[in-house]
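entry.txt follows (compact mmCIF, C-alpha atoms):
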# COMPACT_ATOMS: atom_id res chain seq x y z
CA MET A 1 159.01 89.16 139.42
CA GLU A 2 157.91 92.78 139.39
CA ASN A 3 161.53 93.74 140.07
CA GLU A 4 162.68 91.78 137.06
CA TRP A 5 160.27 93.08 134.45
CA SER A 6 160.84 96.60 135.74
CA ALA A 7 164.56 96.07 135.26
CA ARG A 8 163.88 95.26 131.61
CA ARG A 9 161.94 98.49 131.23
CA LEU A 10 164.83 100.46 132.69
CA ILE A 11 167.27 99.30 130.05
CA ARG A 12 164.80 99.69 127.18
CA GLY A 13 165.88 103.29 126.67
CA GLY A 14 169.59 102.48 126.79
CA ARG A 15 171.81 101.27 124.01
CA ILE A 16 171.11 98.14 122.02
CA ARG A 17 174.53 96.59 122.00
CA TRP A 18 174.06 93.89 119.38
CA THR A 19 174.38 94.59 115.68
CA TRP A 20 171.51 92.21 115.03
CA ALA A 21 169.35 93.69 117.79
CA CYS A 22 166.15 93.15 115.86
CA CYS A 23 166.79 89.39 115.92
CA VAL A 24 167.82 89.04 119.52
CA ALA A 25 165.64 91.57 121.32
CA LEU A 26 163.97 88.58 122.95
CA LEU A 27 167.25 87.75 124.63
CA ILE A 28 167.26 90.81 126.90
CA ALA A 29 163.86 90.21 128.43
CA ALA A 30 163.60 90.62 132.15
CA GLY A 31 165.61 88.14 134.18
CA CYS A 32 163.62 85.22 135.45
CA ASP A 33 163.92 83.48 138.75
CA SER A 34 165.78 80.36 137.67
CA SER A 35 166.18 79.36 141.32
CA PHE A 36 162.43 78.68 141.62
CA GLN A 37 161.83 75.23 143.09
CA THR A 38 158.60 73.43 142.41
CA LYS A 39 156.89 72.52 145.66
CA SER A 40 154.12 70.07 146.33
CA GLY A 41 150.85 71.48 145.05
CA GLU A 42 152.55 74.10 142.83
CA LYS A 43 152.93 72.04 139.65
CA ASP A 44 150.12 73.97 137.99
CA THR A 45 152.35 77.09 137.93
CA LEU A 46 154.92 75.41 135.69
CA LEU A 47 154.78 76.17 131.96
CA ALA A 48 158.04 74.57 130.85
CA GLN A 49 161.24 72.96 132.03
CA VAL A 50 164.49 73.54 130.14
CA ASN A 51 167.05 70.89 131.00
CA GLY A 52 165.38 70.68 134.39
CA GLU A 53 165.14 74.44 135.01
CA PRO A 54 161.55 75.70 135.37
CA ILE A 55 159.74 78.53 133.64
CA THR A 56 156.61 79.56 135.51
CA ARG A 57 153.43 81.51 134.95
CA GLN A 58 154.98 84.32 136.95
CA ASP A 59 157.95 84.42 134.57
CA VAL A 60 155.71 84.77 131.53
CA ARG A 61 153.63 87.48 133.20
CA ALA A 62 156.78 89.42 134.00
CA HIS A 63 157.99 89.07 130.42
CA TYR A 64 154.57 90.18 129.14
CA LYS A 65 154.76 93.37 131.18
CA SER A 66 158.23 94.10 129.82
CA ARG A 67 157.12 94.10 126.17
CA TRP A 68 156.02 97.09 124.11
CA GLU A 69 152.23 97.26 123.95
CA GLN A 70 152.23 97.65 120.17
CA GLU A 71 154.04 94.34 119.76
CA ILE A 72 151.22 92.35 121.28
CA GLU A 73 148.15 94.54 120.80
CA GLY A 74 145.37 92.81 118.90
CA LYS A 75 146.79 89.30 119.19
CA ALA A 76 144.94 86.43 120.81
CA GLU A 77 145.96 85.96 124.43
CA LYS A 78 146.82 82.29 123.96
CA SER A 79 149.18 83.03 121.06
CA ILE A 80 150.78 85.88 123.03
CA SER A 81 151.44 83.59 125.97
CA ARG A 82 152.97 80.90 123.75
CA VAL A 83 155.24 83.40 121.95
CA LEU A 84 156.45 84.80 125.27
CA LEU A 85 156.99 81.32 126.67
CA ASP A 86 159.04 80.29 123.63
CA GLN A 87 161.18 83.41 124.00
CA LEU A 88 161.89 82.58 127.63
CA VAL A 89 162.78 79.00 126.71
CA GLU A 90 165.34 80.33 124.21
CA ARG A 91 166.73 82.76 126.76
CA ARG A 92 167.11 80.01 129.35
CA LEU A 93 168.91 77.82 126.80
CA LEU A 94 171.36 80.63 126.05
CA LEU A 95 172.16 81.24 129.69
CA GLN A 96 172.68 77.52 130.22
CA ARG A 97 174.96 77.34 127.21
CA PHE A 98 176.98 80.27 128.53
CA ARG A 99 177.53 78.46 131.82
CA GLU A 100 178.66 75.33 129.94
CA THR A 101 181.45 77.29 128.25
CA GLY A 102 183.05 78.03 131.61
CA GLU A 103 183.55 81.65 130.63
CA TYR A 104 182.51 84.64 132.65
CA VAL A 105 181.77 88.33 132.38
CA SER A 106 184.08 90.37 134.56
CA GLU A 107 182.80 92.55 137.36
CA GLY A 108 184.46 95.49 135.63
CA LYS A 109 182.43 94.97 132.46
CA VAL A 110 179.20 94.69 134.42
CA LYS A 111 180.10 97.84 136.33
CA ARG A 112 180.79 99.77 133.11
CA PHE A 113 177.50 98.62 131.61
CA VAL A 114 175.57 99.63 134.72
CA GLU A 115 177.34 103.01 134.78
CA PHE A 116 176.40 103.54 131.14
CA ILE A 117 172.73 102.90 131.92
CA ARG A 118 172.87 105.21 134.91
CA ARG A 119 174.28 107.99 132.73
CA GLN A 120 171.31 107.65 130.39
CA TYR A 121 168.96 108.52 133.22
CA GLY A 122 171.15 110.32 135.70
CA ASP A 123 171.69 108.65 139.05
CA GLN A 124 168.83 110.49 140.68
CA ASP A 125 166.32 109.65 137.94
CA LEU A 126 167.28 105.98 137.87
CA ASN A 127 167.17 105.67 141.64
CA THR A 128 163.75 107.35 141.66
CA ILE A 129 162.39 104.97 139.03
CA MET A 130 163.75 101.94 140.84
CA LYS A 131 162.21 103.11 144.10
CA GLU A 132 158.83 103.93 142.55
CA GLN A 133 158.60 100.56 140.83
CA GLY A 134 159.90 98.60 143.78
CA ILE A 135 162.92 97.25 141.91
CA ASP A 136 165.30 95.18 143.95
CA GLU A 137 168.83 96.28 143.05
CA LYS A 138 170.25 92.77 143.40
CA SER A 139 167.75 91.36 140.89
CA TRP A 140 168.37 94.27 138.55
CA LEU A 141 172.14 93.73 138.60
CA LYS A 142 171.56 90.03 137.93
CA THR A 143 169.56 90.96 134.83
CA MET A 144 172.34 93.27 133.65
CA ARG A 145 174.92 90.52 134.05
CA GLU A 146 172.79 88.01 132.16
CA THR A 147 172.32 90.49 129.32
CA LEU A 148 176.11 90.75 128.96
CA GLU A 149 176.54 86.98 129.25
CA ILE A 150 174.17 86.41 126.34
CA GLU A 151 175.88 89.12 124.32
CA HIS A 152 179.25 87.51 124.94
CA LEU A 153 177.95 84.08 123.97
CA LEU A 154 176.39 85.26 120.72
CA GLU A 155 179.46 87.21 119.72
CA ARG A 156 181.70 84.18 120.23
CA GLU A 157 179.51 81.42 118.84
CA VAL A 158 177.52 83.24 116.15
CA TYR A 159 178.67 86.65 114.98
CA SER A 160 182.45 86.27 115.17
CA LYS A 161 182.19 83.45 112.61
CA LEU A 162 180.48 85.58 109.96
CA LYS A 163 182.34 86.77 106.87
CA VAL A 164 181.38 88.68 103.75
CA SER A 165 183.64 88.51 100.69
CA ASN A 166 184.34 91.31 98.22
CA SER A 167 182.67 89.28 95.49
CA GLU A 168 179.47 89.03 97.56
CA ILE A 169 179.48 92.80 98.02
CA GLU A 170 180.04 93.39 94.29
CA ASP A 171 177.28 90.96 93.35
CA TYR A 172 174.82 92.67 95.68
CA TYR A 173 175.72 96.08 94.26
CA ASN A 174 175.34 94.96 90.65
CA LEU A 175 172.00 93.30 91.33
CA ASN A 176 170.62 96.30 93.26
CA LYS A 177 172.01 99.33 91.47
CA GLU A 178 168.67 101.09 91.54
CA LYS A 179 168.87 101.19 95.36
CA PHE A 180 172.04 103.24 95.08
CA ARG A 181 170.77 105.77 92.57
CA VAL A 182 170.14 109.26 93.96
CA GLY A 183 167.48 111.30 92.19
CA ARG A 184 167.54 114.99 91.35
CA ARG A 185 167.72 117.02 94.55
CA LEU A 186 166.69 120.51 95.51
CA ARG A 187 168.14 122.46 98.40
CA VAL A 188 165.34 124.47 99.96
CA ARG A 189 165.16 127.37 102.38
CA GLN A 190 162.02 128.52 104.11
CA ILE A 191 160.66 131.24 106.30
CA VAL A 192 157.53 130.22 108.18
CA VAL A 193 155.47 132.69 110.22
CA SER A 194 152.11 132.57 111.95
CA SER A 195 150.23 135.15 109.89
CA ALA A 196 149.65 135.83 106.19
CA LYS A 197 150.17 139.54 106.80
CA MET A 198 153.66 138.99 108.22
CA ALA A 199 154.53 136.60 105.38
CA SER A 200 153.48 139.18 102.78
CA ARG A 201 155.53 141.89 104.49
CA LEU A 202 158.62 139.66 104.57
CA ARG A 203 158.14 138.69 100.93
CA LYS A 204 158.16 142.35 99.96
CA LEU A 205 161.44 142.83 101.83
CA LEU A 206 162.94 139.83 100.05
CA LEU A 207 161.90 141.16 96.65
CA GLU A 208 163.60 144.41 97.60
CA GLY A 209 166.85 142.49 98.08
CA LYS A 210 166.92 141.63 101.77
CA SER A 211 168.81 138.47 102.73
CA PHE A 212 166.60 135.36 102.93
CA ALA A 213 168.87 133.79 105.56
CA ALA A 214 168.93 136.92 107.70
CA LEU A 215 165.14 137.31 107.67
CA ALA A 216 164.71 133.61 108.44
CA GLN A 217 166.97 133.92 111.48
CA GLU A 218 165.11 136.97 112.69
CA HIS A 219 161.49 136.08 111.98
CA SER A 220 160.94 132.41 111.13
CA ILE A 221 159.28 130.20 113.73
CA GLY A 222 160.63 127.04 112.10
CA PRO A 223 163.28 124.96 113.93
CA GLU A 224 165.73 125.58 111.06
CA SER A 225 165.63 129.37 111.56
CA SER A 226 169.02 129.30 113.31
CA VAL A 227 170.65 128.12 110.07
CA GLY A 228 168.96 130.70 107.89
CA GLY A 229 165.93 128.58 107.09
CA ASP A 230 168.01 125.89 105.35
CA LEU A 231 165.96 122.69 105.15
CA GLY A 232 168.63 120.72 103.28
CA TYR A 233 168.23 118.56 100.18
CA PHE A 234 165.04 116.88 99.00
CA GLN A 235 164.27 114.38 96.29
CA GLN A 236 160.95 114.23 94.51
CA GLY A 237 158.18 113.06 96.81
CA GLU A 238 159.92 113.95 100.07
CA LEU A 239 158.20 117.31 100.61
CA PRO A 240 154.48 117.88 101.26
CA GLU A 241 152.70 118.02 97.92
CA ASN A 242 151.63 121.68 98.13
CA ILE A 243 155.19 122.72 99.04
CA GLU A 244 156.79 120.53 96.37
CA ASN A 245 154.47 121.88 93.67
CA VAL A 246 155.71 125.39 94.46
CA VAL A 247 159.47 124.73 94.74
CA GLU A 248 159.48 122.73 91.49
CA THR A 249 158.51 125.88 89.60
CA LEU A 250 161.08 128.19 91.24
CA LYS A 251 164.27 129.37 89.61
CA LEU A 252 167.43 129.46 91.73
CA GLY A 253 167.20 132.31 94.22
CA GLU A 254 163.59 133.10 93.36
CA VAL A 255 161.19 133.79 96.23
CA SER A 256 157.91 131.90 96.20
CA ARG A 257 154.43 133.19 96.76
CA VAL A 258 153.05 132.76 100.28
CA VAL A 259 152.13 129.10 100.84
CA ARG A 260 149.81 128.09 103.64
CA SER A 261 150.15 124.84 105.63
CA PRO A 262 149.11 123.58 109.09
CA ALA A 263 152.45 124.90 110.37
CA GLY A 264 151.84 128.47 109.23
CA PHE A 265 152.59 130.66 106.21
CA HIS A 266 155.71 129.82 104.21
CA LEU A 267 158.09 131.64 101.91
CA LEU A 268 160.34 129.28 99.96
CA GLU A 269 163.56 129.55 98.01
CA VAL A 270 165.57 126.98 96.04
CA SER A 271 169.23 127.71 96.69
CA GLU A 272 170.75 124.76 94.78
CA ARG A 273 169.85 122.01 92.31
CA ARG A 274 171.80 118.75 92.04
CA LEU A 275 171.55 116.32 89.15
CA PRO A 276 170.79 112.62 89.71
CA PHE A 277 173.76 110.29 90.06
CA GLN A 278 174.73 106.70 90.73
CA LYS A 279 176.59 106.01 93.98
CA THR A 280 179.83 104.18 93.38
CA LEU A 281 180.56 100.74 94.79
CA ALA A 282 183.38 102.19 96.88
CA SER A 283 181.06 104.74 98.50
CA VAL A 284 178.48 102.14 99.59
CA LYS A 285 180.73 99.13 100.20
CA GLU A 286 180.62 99.33 104.00
CA ASN A 287 176.84 99.75 104.07
CA ILE A 288 176.40 96.71 101.84
CA LYS A 289 178.76 94.72 104.04
CA LYS A 290 176.72 95.59 107.14
CA ARG A 291 173.49 94.59 105.41
CA LEU A 292 174.91 91.24 104.29
CA LEU A 293 176.35 90.57 107.74
CA ALA A 294 172.96 91.31 109.27
CA ASP A 295 171.26 88.88 106.87
CA LYS A 296 173.82 86.17 107.58
CA GLY A 297 173.57 86.89 111.30
CA ARG A 298 169.81 86.30 111.27
CA GLU A 299 170.21 83.03 109.39
CA ARG A 300 173.04 81.74 111.57
CA LEU A 301 171.30 82.73 114.81
CA GLU A 302 168.14 80.88 113.78
CA SER A 303 170.12 77.79 112.81
CA TRP A 304 172.25 77.86 115.96
CA LEU A 305 169.24 78.31 118.25
CA GLY A 306 167.52 75.44 116.45
CA GLU A 307 170.47 73.18 117.20
CA LEU A 308 170.45 74.19 120.87
CA LYS A 309 166.78 73.26 121.08
CA ARG A 310 167.26 69.90 119.37
CA ASN A 311 169.98 68.96 121.84
CA ALA A 312 168.06 70.15 124.88
CA LYS A 313 165.47 68.43 127.03
CA ILE A 314 162.50 70.77 126.90
CA ARG A 315 159.19 69.83 128.46
CA TYR A 316 156.09 72.00 128.11
CA TYR A 317 153.07 72.15 130.42
CA LEU A 318 150.75 73.88 127.93
CA GLU A 319 147.68 72.90 129.91
CA ASN A 320 148.72 75.63 132.37
CA LEU A 321 149.08 78.31 129.68
CA GLU A 322 145.47 79.52 129.72
CA ASN A 323 144.86 82.99 131.21
CA VAL A 324 148.56 83.52 131.95
CA VAL A 325 148.51 87.11 130.70
CA SER A 326 145.17 88.18 132.15
CA GLY A 327 144.97 85.76 135.03
Starting from the coordinates I provided, produce the structure as C-alpha cells.
Amino acid sequence: MENEWSARRLIRGGRIRWTWACCVALLIAAGCDSSFQTKSGEKDTLLAQVNGEPITRQDVRAHYKSRWEQEIEGKAEKSISRVLLDQLVERRLLLQRFRETGEYVSEGKVKRFVEFIRRQYGDQDLNTIMKEQGIDEKSWLKTMRETLEIEHLLEREVYSKLKVSNSEIEDYYNLNKEKFRVGRRLRVRQIVVSSAKMASRLRKLLLEGKSFAALAQEHSIGPESSVGGDLGYFQQGELPENIENVVETLKLGEVSRVVRSPAGFHLLEVSERRLPFQKTLASVKENIKKRLLADKGRERLESWLGELKRNAKIRYYLENLENVVSG
C-alpha cells in the first residue's frame, strides 16, 4: 500500500486534467489493491465491500497518507476515516462502471500521460523519489491507468452531456453585472531599495529629470526592476494601505516621498489612470460559460454518483473503522 499512496503523491504536482477537478479530486486517490482476498481470520480488516470487491483498513490508511494535511487537520479521527472510506467506495464504483462499459484506455495514452508526469520532475528526479519511497513501478503504472479510466468515464457519461445556452449566459450576466464592473485603476511604478539614504539620493535624481524606469532597472531590488519598476494596474484596496494612501495623492508622473515598508524604502510614480467601466457580455461570455458548466458539472456528477450507489450492493463494516488512521 505504501507504493500506492506514494504514487498519488507523485502525481499531485502534475496537471489536473478534469475541468471540474475540485469535485473529483477524490477520484485520483492512490490505487487500492482490489485483488485483496479475505482470508480466514482477516475479516476484521474489511471496512466495506462494493459489489463484492473489498476495501480494507490498509486501503484507507494509504488514502489518508495521500491527502493534504490541511484537508484533514483538526477533524475527529472517526469522521476522517469515514470520509476517506466513502471516497474509496465511490472510486471503486467508478472503476467497476468503467469495466462494465467494455471500453479501454490505450497503451499509447497511458504512455503519454506517464511521460508528461516524468517531464514535470525530470526522469532522474522521479526515479529518485520512487526509489526513496519504495514505489513499485507496476503499482504506480496501474494507478496512472486507473486515473485515465476514471477521466474517460466521467467525460463520456457526465461532462460530454452538459450544455449551456446563450440565454443562460445572458441571464447570468444581467443578474450579476456588478461582478463584471472594473473600478478605477492606477498603473504604478516603484523603486525599492534597502536604505533611506539611497532612496533619498535616487529621489533627488528623479526630481532633476532622470528616467524613473532607468533608475529602477539599475538600482531597485524589487522583482519588477527588469521592466522599469512597472507594477501594473491596481484597483482600490489592492495595494498595502500605506502605499495606496500615497499613490492616491500623486499626479501623473509625480514622484512620491520616500515610503517605508517591510520590503525596504519605496519611491512611487503613477504612470496612468484608467476610468471605471463595465465589461461587455461579449468579453466575458466564455468565462460565464465555463462557470455555468462547472456548476452543472458538480450537480450532474453528484446525481450520477448517487444513482451508481443506489444500484450497487455496498456493505460496510463500520465496527472495524476505529483507529484506522492512527492504528
message: I need the residue nearest Ser225 (chain A) from this list: A:Glu299, A:Lys204, A:Arg189, A:Ser194. Use all atoms listed in the file for the distance.
response: A:Arg189
message: Measuring between all atoms listed in the file, which one of A:Ala48, A:Leu215, A:Val325, A:Leu267 shows the shortest distance to Lys313 (chain A)?
response: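 Going through A:Ala48, A:Leu215, A:Val325, A:Leu267 one by one, the smallest distance to Lys313 (chain A) is for A:Ala48.
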message: Can you pull out the residues contacting Lys289 (chain A)? Cut-off 8 Å, using all atoms listed in the file, and skip same-chain residues under 4 positions away; I want them as number ranges by chain.
response: A: 164, 169, 285, 293
- prompt: Smallest atom-to-atom distance to Tyr159 (chain A): which of A:Asp295, A:Asp86, A:Asp171, A:Glu107, using all atoms listed in the file?
  reply: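 With all atoms listed in the file as the atom set, the closest residue is A:Asp295.
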task: Compute the distance from (163.8, 122.8, 94.8) to each atom, counting all atoms listed in the file, keep the residues with any atom at most 12 Å away, and return them as a PyMOL selection string; use the coordinates of the file.
output: chain A and resi 184-190+230-239+243-256+268-275
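Across the structure, CA of Tyr317 (chain A) and CA of Leu94 (chain A) are spaced 20.6 Å apart.
Rounded to one decimal, CA of Gly209 (chain A) and CA of Gly228 (chain A) lie 15.5 Å from each other.
Note that CA of Lys179 (chain A) and CA of Pro276 (chain A) are 12.9 Å apart.
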field: Residue neighbourhood Ala214 (chain A), 12 Å, all atoms listed in the file, exclusion window fewer than 2 positions, as a list in words
entry: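 These residues fall inside the cut-off: Arg189, Gln190, Ile191, Leu202, Leu205, Leu206, Gly209, Lys210, Ser211, Phe212, Ala216, Gln217, Glu218, His219, Ser220, Ser225, Ser226, Val227, Gly228, Gly229 and Asp230 of chain A.
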Pop region 203-218 of chain A out of the structure in the block and write N, CA, C and O atoms as a PDB file, in the first residue's frame.
ATOM      1  N   ARG A 203      15.644  59.836  -5.289  1.00  0.00           N
ATOM      2  CA  ARG A 203      14.538  60.783  -5.449  1.00  0.00           C
ATOM      3  C   ARG A 203      15.040  62.123  -5.970  1.00  0.00           C
ATOM      4  O   ARG A 203      14.402  62.760  -6.832  1.00  0.00           O
ATOM      5  N   LYS A 204      16.189  62.543  -5.481  1.00  0.00           N
ATOM      6  CA  LYS A 204      16.770  63.797  -5.955  1.00  0.00           C
ATOM      7  C   LYS A 204      17.093  63.712  -7.442  1.00  0.00           C
ATOM      8  O   LYS A 204      16.831  64.653  -8.211  1.00  0.00           O
ATOM      9  N   LEU A 205      17.623  62.569  -7.880  1.00  0.00           N
ATOM     10  CA  LEU A 205      17.928  62.384  -9.297  1.00  0.00           C
ATOM     11  C   LEU A 205      16.652  62.405 -10.139  1.00  0.00           C
ATOM     12  O   LEU A 205      16.632  62.959 -11.248  1.00  0.00           O
ATOM     13  N   LEU A 206      15.590  61.815  -9.622  1.00  0.00           N
ATOM     14  CA  LEU A 206      14.324  61.806 -10.352  1.00  0.00           C
ATOM     15  C   LEU A 206      13.763  63.214 -10.483  1.00  0.00           C
ATOM     16  O   LEU A 206      13.239  63.592 -11.538  1.00  0.00           O
ATOM     17  N   LEU A 207      13.859  63.994  -9.416  1.00  0.00           N
ATOM     18  CA  LEU A 207      13.368  65.370  -9.462  1.00  0.00           C
ATOM     19  C   LEU A 207      14.192  66.235 -10.413  1.00  0.00           C
ATOM     20  O   LEU A 207      13.695  67.244 -10.933  1.00  0.00           O
ATOM     21  N   GLU A 208      15.412  65.794 -10.647  1.00  0.00           N
ATOM     22  CA  GLU A 208      16.274  66.502 -11.603  1.00  0.00           C
ATOM     23  C   GLU A 208      16.011  66.078 -13.042  1.00  0.00           C
ATOM     24  O   GLU A 208      16.615  66.587 -13.978  1.00  0.00           O
ATOM     25  N   GLY A 209      15.106  65.093 -13.216  1.00  0.00           N
ATOM     26  CA  GLY A 209      14.718  64.700 -14.568  1.00  0.00           C
ATOM     27  C   GLY A 209      15.226  63.349 -15.032  1.00  0.00           C
ATOM     28  O   GLY A 209      15.005  62.966 -16.193  1.00  0.00           O
ATOM     29  N   LYS A 210      15.880  62.595 -14.164  1.00  0.00           N
ATOM     30  CA  LYS A 210      16.343  61.269 -14.559  1.00  0.00           C
ATOM     31  C   LYS A 210      15.148  60.336 -14.807  1.00  0.00           C
ATOM     32  O   LYS A 210      14.087  60.495 -14.209  1.00  0.00           O
ATOM     33  N   SER A 211      15.340  59.356 -15.668  1.00  0.00           N
ATOM     34  CA  SER A 211      14.268  58.429 -16.015  1.00  0.00           C
ATOM     35  C   SER A 211      13.954  57.495 -14.855  1.00  0.00           C
ATOM     36  O   SER A 211      14.858  56.830 -14.316  1.00  0.00           O
ATOM     37  N   PHE A 212      12.665  57.420 -14.476  1.00  0.00           N
ATOM     38  CA  PHE A 212      12.237  56.520 -13.404  1.00  0.00           C
ATOM     39  C   PHE A 212      12.535  55.071 -13.789  1.00  0.00           C
ATOM     40  O   PHE A 212      13.082  54.304 -12.994  1.00  0.00           O
ATOM     41  N   ALA A 213      12.199  54.695 -15.018  1.00  0.00           N
ATOM     42  CA  ALA A 213      12.395  53.318 -15.467  1.00  0.00           C
ATOM     43  C   ALA A 213      13.869  52.940 -15.457  1.00  0.00           C
ATOM     44  O   ALA A 213      14.241  51.834 -15.040  1.00  0.00           O
ATOM     45  N   ALA A 214      14.712  53.855 -15.913  1.00  0.00           N
ATOM     46  CA  ALA A 214      16.148  53.566 -15.978  1.00  0.00           C
ATOM     47  C   ALA A 214      16.735  53.388 -14.588  1.00  0.00           C
ATOM     48  O   ALA A 214      17.526  52.461 -14.346  1.00  0.00           O
ATOM     49  N   LEU A 215      16.346  54.249 -13.641  1.00  0.00           N
ATOM     50  CA  LEU A 215      16.865  54.123 -12.279  1.00  0.00           C
ATOM     51  C   LEU A 215      16.322  52.865 -11.595  1.00  0.00           C
ATOM     52  O   LEU A 215      17.027  52.238 -10.803  1.00  0.00           O
ATOM     53  N   ALA A 216      15.076  52.495 -11.920  1.00  0.00           N
ATOM     54  CA  ALA A 216      14.522  51.265 -11.357  1.00  0.00           C
ATOM     55  C   ALA A 216      15.312  50.060 -11.844  1.00  0.00           C
ATOM     56  O   ALA A 216      15.633  49.146 -11.064  1.00  0.00           O
ATOM     57  N   GLN A 217      15.626  50.019 -13.123  1.00  0.00           N
ATOM     58  CA  GLN A 217      16.394  48.899 -13.673  1.00  0.00           C
ATOM     59  C   GLN A 217      17.775  48.812 -13.049  1.00  0.00           C
ATOM     60  O   GLN A 217      18.306  47.728 -12.823  1.00  0.00           O
ATOM     61  N   GLU A 218      18.346  49.949 -12.748  1.00  0.00           N
ATOM     62  CA  GLU A 218      19.725  49.975 -12.252  1.00  0.00           C
ATOM     63  C   GLU A 218      19.829  49.748 -10.747  1.00  0.00           C
ATOM     64  O   GLU A 218      20.768  49.099 -10.269  1.00  0.00           O
TER      65      GLU A 218
END
